[in-house]
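Undergrad: Please find one structure pasted underneath; my questions will follow.
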Amino acid sequence: MLTKHFDHWPTRVSTSLTVPETTLFDNLAVTAKRYPGKKAITYYGASLTYAQLLEEVNQLAGFLQEKLAVNKGERVMLYMQNSPQFVIGYYAILRANAIVVPINPMTTMEEMRFYVNDCEIRNALVSQELYSKIEPLLTTTSLEQLVVAAYSDYLESSNLERIPDEVKQPRMVITKENHYLWKEAVSANYSPKPDEGLADDLAVMPYTSGTTGLPKGCMHTHRTVQANTYGGYHWHNATSDANCLATLPLFHVTGMVHSMHIPILSGATIVMMTRWDREYARQIIAESGITHWVNISTMLIDFLANPLLQKEHLSTLMSISGGGAPLPAAVGEKLFNFTGLRFVEGYGLTETIAQTHFNPPDRPKLQCLGVPSFDVDARIIDPNTGHQLGLGQEGEIVVNGPQVFVGYYNRDEDNQQSFIEIEGKQFFRTGDIGRYDDEGYFFIVDRVKRMINASGYKVWPTEVESLLYKHPAVLQACVVGVPDVRRGETVKAFIILSGEHIEKTSAEEIIEWSKEQMAAYKYPRQIEFRESFPTTMSGKILWRKLQEEERQKASEVSK
């Protein structure tokens, strides 16, 4: 195990951390007992105290168990944007001793069908603006019952300026069988059964994609999530007086842990936004006295580009951190000039429920993954031989730690391929190429896998290609990630058109068609038609060569 990074470990913070034998719900229960009248969530002018939050969690948990017959260990879908209902729904599922399956709100109906079938989901909590995507699945999948939420149920302010349309939308009327309105569910006065939750029970199963493009559910226990919840809590010196801005999506592991679980553990206030709006963020940071903000580089770049932003608006900020993609050095310097704060980058995966690496808050390096987190053993290996590599050598990052998931759901072959044994310990193979320096800081170099990182979202080329092949004009398709100033990377598709469509098919037409077929972060922003692709002797498309051509073009443009 590497230890050089301990020389730069945060002052007065232990290098090891014992993970509690308690559940995530226990965190909320204890905090509500400690700070019952303190604001847990503020939402466009409205608020919930910790006592109110716990009460609604228990009420909904009772409804899930008594009315919907949710059983211990059952997988329950949570399909909505950032909102009080997301937090209540998440913790209610846990209180019902069930497993949260959080789904990206940008997911299409056909993508939803896969998740429902893969998990054999019977029950779902869904927000009403997403209802049309999931309702048809009630008659064609295992899905049986829905609880439908209206964000406007939690609004109190008459001033609706800058509030997203879906938040202002009045509660819909639903009379269909096996449909239940959120307000009816939490006011039905059901009490949950005795809590049987244990640290090693499965708590949440976020989905990630693989090199085949087939999504995989990452099985996390309360123990694995607690490892990063408590780890982040101590690393960032979270306190009950923190005001945490929640702009990252809570279905995503970084937002889930750092913008929901850690504030709840510490008794802090979550200041929540359903949709990103840089001007509203500027206003709410100043008005609410935001102290902690976890984001991604694309969001921060957009925020700092706001011409109305002034230094005094950010005077209360004590910590700005995030990951997803490296922050450009110039943006990091602009942030420092505005706030006196350095952006603290981290690194992790869905399989590790966010961080395995953190930059020390008082000694961060830009465009750096940071140092291994509490009790994380991180190594660099040759991806082909498994042989360990040393200082400055580039190879695959592998990690062993308390936050590593217990495996992919129903994916035995993937589980076998995703771990490697080193010195008697099981290490997860991240698929990322990196190196470490003489101070023990890790840096990412490239990816073993073919994943595209678009604004922090994972896009898998094989999945996009398979959807493009449904277009009648597409004879062959090859998708790669290309550099993009705002998104870090964006999706580009090289396409060979079938003969009869060559003259009458445009790039714009295929882009518009793609928007209807896949989630917004996945569809190709750029299309280039080719007459042929570079291939191996066996006919395999050399996608890497196409990607290298695009990076070379970007490099020449930037000179």
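Lettering and numbering for the structure tokens are positional, with chains as A, B, ... in the shown order, residues counted from 1 in each chain, and ligands counted from 1 in the shown order.
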Name the residues in contact with A:Lys545 at a cut-off of 10 Å, using only C-alpha atoms, excluding same-chain residues fewer than 3 positions from it; report them as a PDB file with C-alpha atoms, in the first residue's frame.
TA:
```
ATOM      1  CA  VAL A 480     -16.141   8.715 -30.471  1.00  0.00           C
ATOM      2  CA  PHE A 533     -13.712   3.668 -42.063  1.00  0.00           C
ATOM      3  CA  PRO A 534     -10.198   2.598 -41.141  1.00  0.00           C
ATOM      4  CA  THR A 535     -10.388  -1.074 -40.170  1.00  0.00           C
ATOM      5  CA  ILE A 541     -13.418  -0.487 -37.118  1.00  0.00           C
ATOM      6  CA  LEU A 542     -10.414   1.383 -35.723  1.00  0.00           C
ATOM      7  CA  GLU A 548      -7.051  10.532 -32.410  1.00  0.00           C
ATOM      8  CA  GLU A 549      -7.749  12.453 -35.630  1.00  0.00           C
ATOM      9  CA  GLU A 550     -10.336  14.552 -33.797  1.00  0.00           C
ATOM     10  CA  ARG A 551      -8.013  15.265 -30.892  1.00  0.00           C
TER      11      ARG A 551
END
```
Undergrad: Mind listing the alpha helix (DSSP H) residues of stretch 225-439 of chain A, per DSSP on the backbone, as an NGL selection string?
TA: :A and (225-235 or 253-256 or 262-266 or 278-288 or 297-304 or 329-339 or 412-417)
Undergrad: Between A:Pro215, A:Gly255, A:Pro483, A:Gly488, which has the minimum distance to A:Met112 (counting only C-alpha atoms)?
TA: A:Pro215
Undergrad: Between A:Tyr180, A:Ile270, A:Leu68, A:Ser418, which one has atoms that come closest to A:Ala46, using only C-alpha atoms?
TA: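 Of all the options, A:Ile270 lies closest to A:Ala46.
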Undergrad: Find the residue from A:Ala246, A:Met518, A:Ile174, A:Leu94 that sits nearest to A:Asp277; use only C-alpha atoms when measuring.
TA: A:Ala246
Undergrad: Which one of A:Arg162, A:Lys458, A:His234, A:Arg450 sits closest to A:Phe374 if you count only C-alpha atoms?
TA: A:His234
Undergrad: Residues within 10 Å of A:Tyr441, please, as a list of chain:residue names. Count only C-alpha atoms; anything in the same chain fewer than 2 positions from it doesn't count.
TA: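 In the requested format, the answer is A:Lys4, A:His5, A:His8, A:His357, A:Phe358, A:Asn359, A:Pro360, A:Pro364, A:Lys365, A:Cys368, A:Leu369, A:Gly370, A:Val371, A:Pro372, A:Arg435, A:Tyr436, A:Asp437, A:Asp438, A:Glu439, A:Phe443.
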Undergrad: Residues as selected, N, CA and C atoms, written as a short mmCIF file (atom, residue, chain, number, x, y, z; two decimals), in the first residue's frame, can you do that?
TA:
```cif
data_model
loop_
_atom_site.label_atom_id
_atom_site.label_comp_id
_atom_site.auth_asym_id
_atom_site.auth_seq_id
_atom_site.Cartn_x
_atom_site.Cartn_y
_atom_site.Cartn_z
N LYS A 4 3.05 7.46 0.77
CA LYS A 4 3.71 8.75 0.61
C LYS A 4 2.73 9.92 0.76
N HIS A 5 1.48 9.69 0.34
CA HIS A 5 0.50 10.78 0.40
C HIS A 5 0.13 11.17 1.83
N HIS A 8 0.98 14.58 3.17
CA HIS A 8 0.20 15.76 2.80
C HIS A 8 -1.26 15.61 3.20
N HIS A 357 -10.53 8.82 -4.30
CA HIS A 357 -9.43 9.76 -4.18
C HIS A 357 -9.99 11.16 -3.90
N PHE A 358 -9.27 11.92 -3.09
CA PHE A 358 -9.59 13.30 -2.75
C PHE A 358 -8.32 14.13 -2.87
N ASN A 359 -8.45 15.37 -3.25
CA ASN A 359 -7.34 16.29 -3.06
C ASN A 359 -7.42 16.83 -1.63
N PRO A 360 -6.30 16.90 -0.93
CA PRO A 360 -6.30 17.54 0.40
C PRO A 360 -6.82 18.97 0.27
N PRO A 364 -4.52 21.21 -2.62
CA PRO A 364 -4.99 20.54 -3.83
C PRO A 364 -4.09 20.83 -5.02
N LYS A 365 -4.13 19.93 -5.98
CA LYS A 365 -3.47 20.15 -7.27
C LYS A 365 -4.55 20.14 -8.33
N CYS A 368 -6.02 17.00 -11.10
CA CYS A 368 -5.43 15.89 -10.34
C CYS A 368 -6.55 15.15 -9.62
N LEU A 369 -6.46 13.83 -9.59
CA LEU A 369 -7.48 13.03 -8.91
C LEU A 369 -7.39 13.17 -7.40
N GLY A 370 -6.20 13.48 -6.90
CA GLY A 370 -5.99 13.58 -5.48
C GLY A 370 -5.24 12.37 -4.93
N VAL A 371 -5.38 12.16 -3.63
CA VAL A 371 -4.71 11.04 -2.97
C VAL A 371 -5.76 10.03 -2.55
N PRO A 372 -5.36 8.77 -2.35
CA PRO A 372 -6.34 7.76 -1.93
C PRO A 372 -7.04 8.17 -0.63
N ARG A 435 -1.46 7.58 -13.31
CA ARG A 435 -0.12 7.50 -12.75
C ARG A 435 -0.13 8.22 -11.42
N TYR A 436 0.90 8.04 -10.63
CA TYR A 436 1.02 8.82 -9.40
C TYR A 436 2.40 9.47 -9.34
N ASP A 437 2.46 10.63 -8.67
CA ASP A 437 3.72 11.37 -8.60
C ASP A 437 4.47 11.05 -7.31
N ASP A 438 5.58 11.76 -7.09
CA ASP A 438 6.43 11.43 -5.95
C ASP A 438 5.83 11.86 -4.61
N GLU A 439 4.70 12.55 -4.63
CA GLU A 439 4.00 12.91 -3.39
C GLU A 439 2.77 12.05 -3.16
N PHE A 443 -3.04 10.99 -11.03
CA PHE A 443 -3.48 11.74 -12.20
C PHE A 443 -4.05 10.77 -13.22
#
```
Undergrad: Point out the residue among A:Val100, A:Phe529, A:Thr490, A:Glu111 with the least atom-to-atom distance to A:Glu508, counting only C-alpha atoms.
TA: A:Phe529
Undergrad: Neighbouring residues of A:His471 were defined as those with any atom within 12 Å, considering only C-alpha atoms; residues of the same chain fewer than 6 positions away were excluded. Please report them as number ranges by chain.
TA: A: 464-465, 477, 495-498, 501, 505, 509-514, 516-517
Undergrad: Write the selection just made, keeping C-alpha atoms, as a PDB file, in the first residue's frame?
TA:
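As a result, result.pdb now contains:
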```
ATOM      1  CA  VAL A 464     -25.218   5.122 -29.240  1.00  0.00           C
ATOM      2  CA  GLU A 465     -24.068   3.208 -32.309  1.00  0.00           C
ATOM      3  CA  ALA A 477     -21.669   4.094 -37.537  1.00  0.00           C
ATOM      4  CA  ILE A 495     -21.546   7.586 -40.461  1.00  0.00           C
ATOM      5  CA  ILE A 496     -21.500   5.732 -43.758  1.00  0.00           C
ATOM      6  CA  LEU A 497     -24.843   6.207 -45.472  1.00  0.00           C
ATOM      7  CA  SER A 498     -26.612   3.490 -47.399  1.00  0.00           C
ATOM      8  CA  HIS A 501     -29.986   7.797 -48.823  1.00  0.00           C
ATOM      9  CA  THR A 505     -29.934  12.649 -45.733  1.00  0.00           C
ATOM     10  CA  GLU A 509     -31.782  15.275 -39.766  1.00  0.00           C
ATOM     11  CA  ILE A 510     -29.891  12.485 -38.015  1.00  0.00           C
ATOM     12  CA  ILE A 511     -29.156  14.688 -34.987  1.00  0.00           C
ATOM     13  CA  GLU A 512     -32.846  15.591 -34.650  1.00  0.00           C
ATOM     14  CA  TRP A 513     -33.825  11.950 -35.045  1.00  0.00           C
ATOM     15  CA  SER A 514     -31.270  10.953 -32.398  1.00  0.00           C
ATOM     16  CA  GLU A 516     -35.945  11.231 -29.921  1.00  0.00           C
ATOM     17  CA  GLN A 517     -34.088   7.957 -29.513  1.00  0.00           C
TER      18      GLN A 517
END
```
Undergrad: I want to know what sits within 8 Å of A:Lys425, based on only C-alpha atoms, with residues of the same chain fewer than 3 positions away left out; could you give that as a ChimeraX atom specification?
TA: /A:400,421-422
Undergrad: Any chance you can output those residues with C-alpha atoms as a short mmCIF file (atom, residue, chain, number, x, y, z; two decimals), in the first residue's frame?
TA:
```
data_model
loop_
_atom_site.label_atom_id
_atom_site.label_comp_id
_atom_site.auth_asym_id
_atom_site.auth_seq_id
_atom_site.Cartn_x
_atom_site.Cartn_y
_atom_site.Cartn_z
CA ASN A 400 -9.35 -1.72 -2.73
CA GLU A 421 -6.25 -10.20 -6.63
CA ILE A 422 -3.04 -8.52 -5.46
#
```
Undergrad: Residues of stretch 448-556 of chain A in strand (DSSP E or B) according to DSSP, as JSON, numbers by chain?
TA: {"A": [452, 453, 454, 457, 458, 459, 474, 475, 476, 477, 478, 479, 480, 481, 482, 483, 484, 488, 489, 490, 491, 492, 493, 494, 495, 496, 497, 526, 527, 528, 529, 535, 541]}
Undergrad: Those residues with C-alpha atoms, as a PDB file, in the first residue's frame please?
TA:
```pdb
ATOM      1  CA  ILE A 452     -17.106   9.309 -23.307  1.00  0.00           C
ATOM      2  CA  ASN A 453     -17.334  11.761 -20.401  1.00  0.00           C
ATOM      3  CA  ALA A 454     -19.838  14.420 -21.488  1.00  0.00           C
ATOM      4  CA  TYR A 457     -22.180  11.850 -17.681  1.00  0.00           C
ATOM      5  CA  LYS A 458     -20.958   8.523 -18.977  1.00  0.00           C
ATOM      6  CA  VAL A 459     -21.774   7.869 -22.621  1.00  0.00           C
ATOM      7  CA  VAL A 474     -27.266   4.474 -41.572  1.00  0.00           C
ATOM      8  CA  LEU A 475     -25.170   1.721 -43.095  1.00  0.00           C
ATOM      9  CA  GLN A 476     -22.305   1.931 -40.579  1.00  0.00           C
ATOM     10  CA  ALA A 477     -21.669   4.094 -37.537  1.00  0.00           C
ATOM     11  CA  CYS A 478     -18.684   4.746 -35.306  1.00  0.00           C
ATOM     12  CA  VAL A 479     -19.031   7.003 -32.269  1.00  0.00           C
ATOM     13  CA  VAL A 480     -16.141   8.715 -30.471  1.00  0.00           C
ATOM     14  CA  GLY A 481     -15.623  11.400 -27.878  1.00  0.00           C
ATOM     15  CA  VAL A 482     -14.197  14.685 -29.109  1.00  0.00           C
ATOM     16  CA  PRO A 483     -12.883  17.635 -27.042  1.00  0.00           C
ATOM     17  CA  ASP A 484     -15.463  20.274 -26.157  1.00  0.00           C
ATOM     18  CA  GLY A 488     -15.218  18.408 -21.583  1.00  0.00           C
ATOM     19  CA  GLU A 489     -16.044  15.856 -24.244  1.00  0.00           C
ATOM     20  CA  THR A 490     -18.949  15.635 -26.620  1.00  0.00           C
ATOM     21  CA  VAL A 491     -20.334  12.864 -28.807  1.00  0.00           C
ATOM     22  CA  LYS A 492     -19.449  12.678 -32.485  1.00  0.00           C
ATOM     23  CA  ALA A 493     -20.726  10.060 -34.901  1.00  0.00           C
ATOM     24  CA  PHE A 494     -18.974   9.050 -38.104  1.00  0.00           C
ATOM     25  CA  ILE A 495     -21.546   7.586 -40.461  1.00  0.00           C
ATOM     26  CA  ILE A 496     -21.500   5.732 -43.758  1.00  0.00           C
ATOM     27  CA  LEU A 497     -24.843   6.207 -45.472  1.00  0.00           C
ATOM     28  CA  GLN A 526     -21.622  16.275 -34.409  1.00  0.00           C
ATOM     29  CA  ILE A 527     -22.076  14.079 -37.495  1.00  0.00           C
ATOM     30  CA  GLU A 528     -19.489  13.459 -40.184  1.00  0.00           C
ATOM     31  CA  PHE A 529     -20.264  11.369 -43.238  1.00  0.00           C
ATOM     32  CA  THR A 535     -10.388  -1.074 -40.170  1.00  0.00           C
ATOM     33  CA  ILE A 541     -13.418  -0.487 -37.118  1.00  0.00           C
TER      34      ILE A 541
END
```
Undergrad: Between A:Cys218, A:Leu546, A:Asn82, A:Pro170, which is the closest to A:Leu248 once you count only C-alpha atoms?
TA: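 Once distances to A:Leu248 are computed over only C-alpha atoms, the minimum belongs to A:Asn82.
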Undergrad: As an exercise, work out the distance from atom CA of A:Ile103 to atom CA of A:Tyr207 in Å and give it to one decimal place.
TA: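 Rounded to one decimal, the two atoms are 7.6 Å apart.
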Undergrad: Quick one: everything within 10 Å of A:Gly434, counting only C-alpha atoms, minus sequence neighbours fewer than 5 positions away in the same chain. Send it as a list of chain:residue names.
TA: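 Neighbouring residues, sequence-local ones excluded: A:Leu369, A:Arg379, A:Ile380, A:Ile381, A:Gly392, A:Gln393, A:Glu394, A:Gly395, A:Glu396, A:Ile397, A:Val398, A:Phe442, A:Phe443, A:Ile444, A:Val445, A:Asp446, A:Arg447, A:Val448.
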Undergrad: May I have the residues from that selection written out with C-alpha atoms, as a compact mmCIF listing (two decimals), in the first residue's frame?
TA:
```
# COMPACT_ATOMS: atom_id res chain seq x y z
CA LEU A 369 -7.48 13.03 -8.91
CA ARG A 379 -2.24 0.81 -7.27
CA ILE A 380 -1.19 1.19 -10.89
CA ILE A 381 -0.95 -2.03 -12.88
CA GLY A 392 5.32 7.96 -12.82
CA GLN A 393 4.52 4.83 -14.83
CA GLU A 394 1.22 4.82 -16.67
CA GLY A 395 -1.18 1.94 -16.19
CA GLU A 396 -4.66 0.99 -15.00
CA ILE A 397 -5.84 2.35 -11.66
CA VAL A 398 -7.09 -0.41 -9.35
CA PHE A 442 -2.83 10.40 -8.70
CA PHE A 443 -3.48 11.74 -12.20
CA ILE A 444 -5.67 10.34 -14.95
CA VAL A 445 -4.05 9.83 -18.34
CA ASP A 446 -6.54 7.99 -20.52
CA ARG A 447 -9.23 5.34 -20.39
CA VAL A 448 -8.92 1.65 -21.01
```
Undergrad: Calculate how many Å separate atom CA of A:Asp200 from atom CA of A:Phe6, rounding to one decimal.
TA: 29.4 Å
Undergrad: Suppose you want the space between atom CA of A:Ser83 and atom CA of A:Gly346; what is it in Å?
TA: 25.1 Å
Undergrad: If you count only C-alpha atoms, which residues fall within 9 Å of A:Glu129, apart from same-chain ones fewer than 6 positions away, as a VMD selection string?
TA: chain A and resid 80 149 to 150 166 169
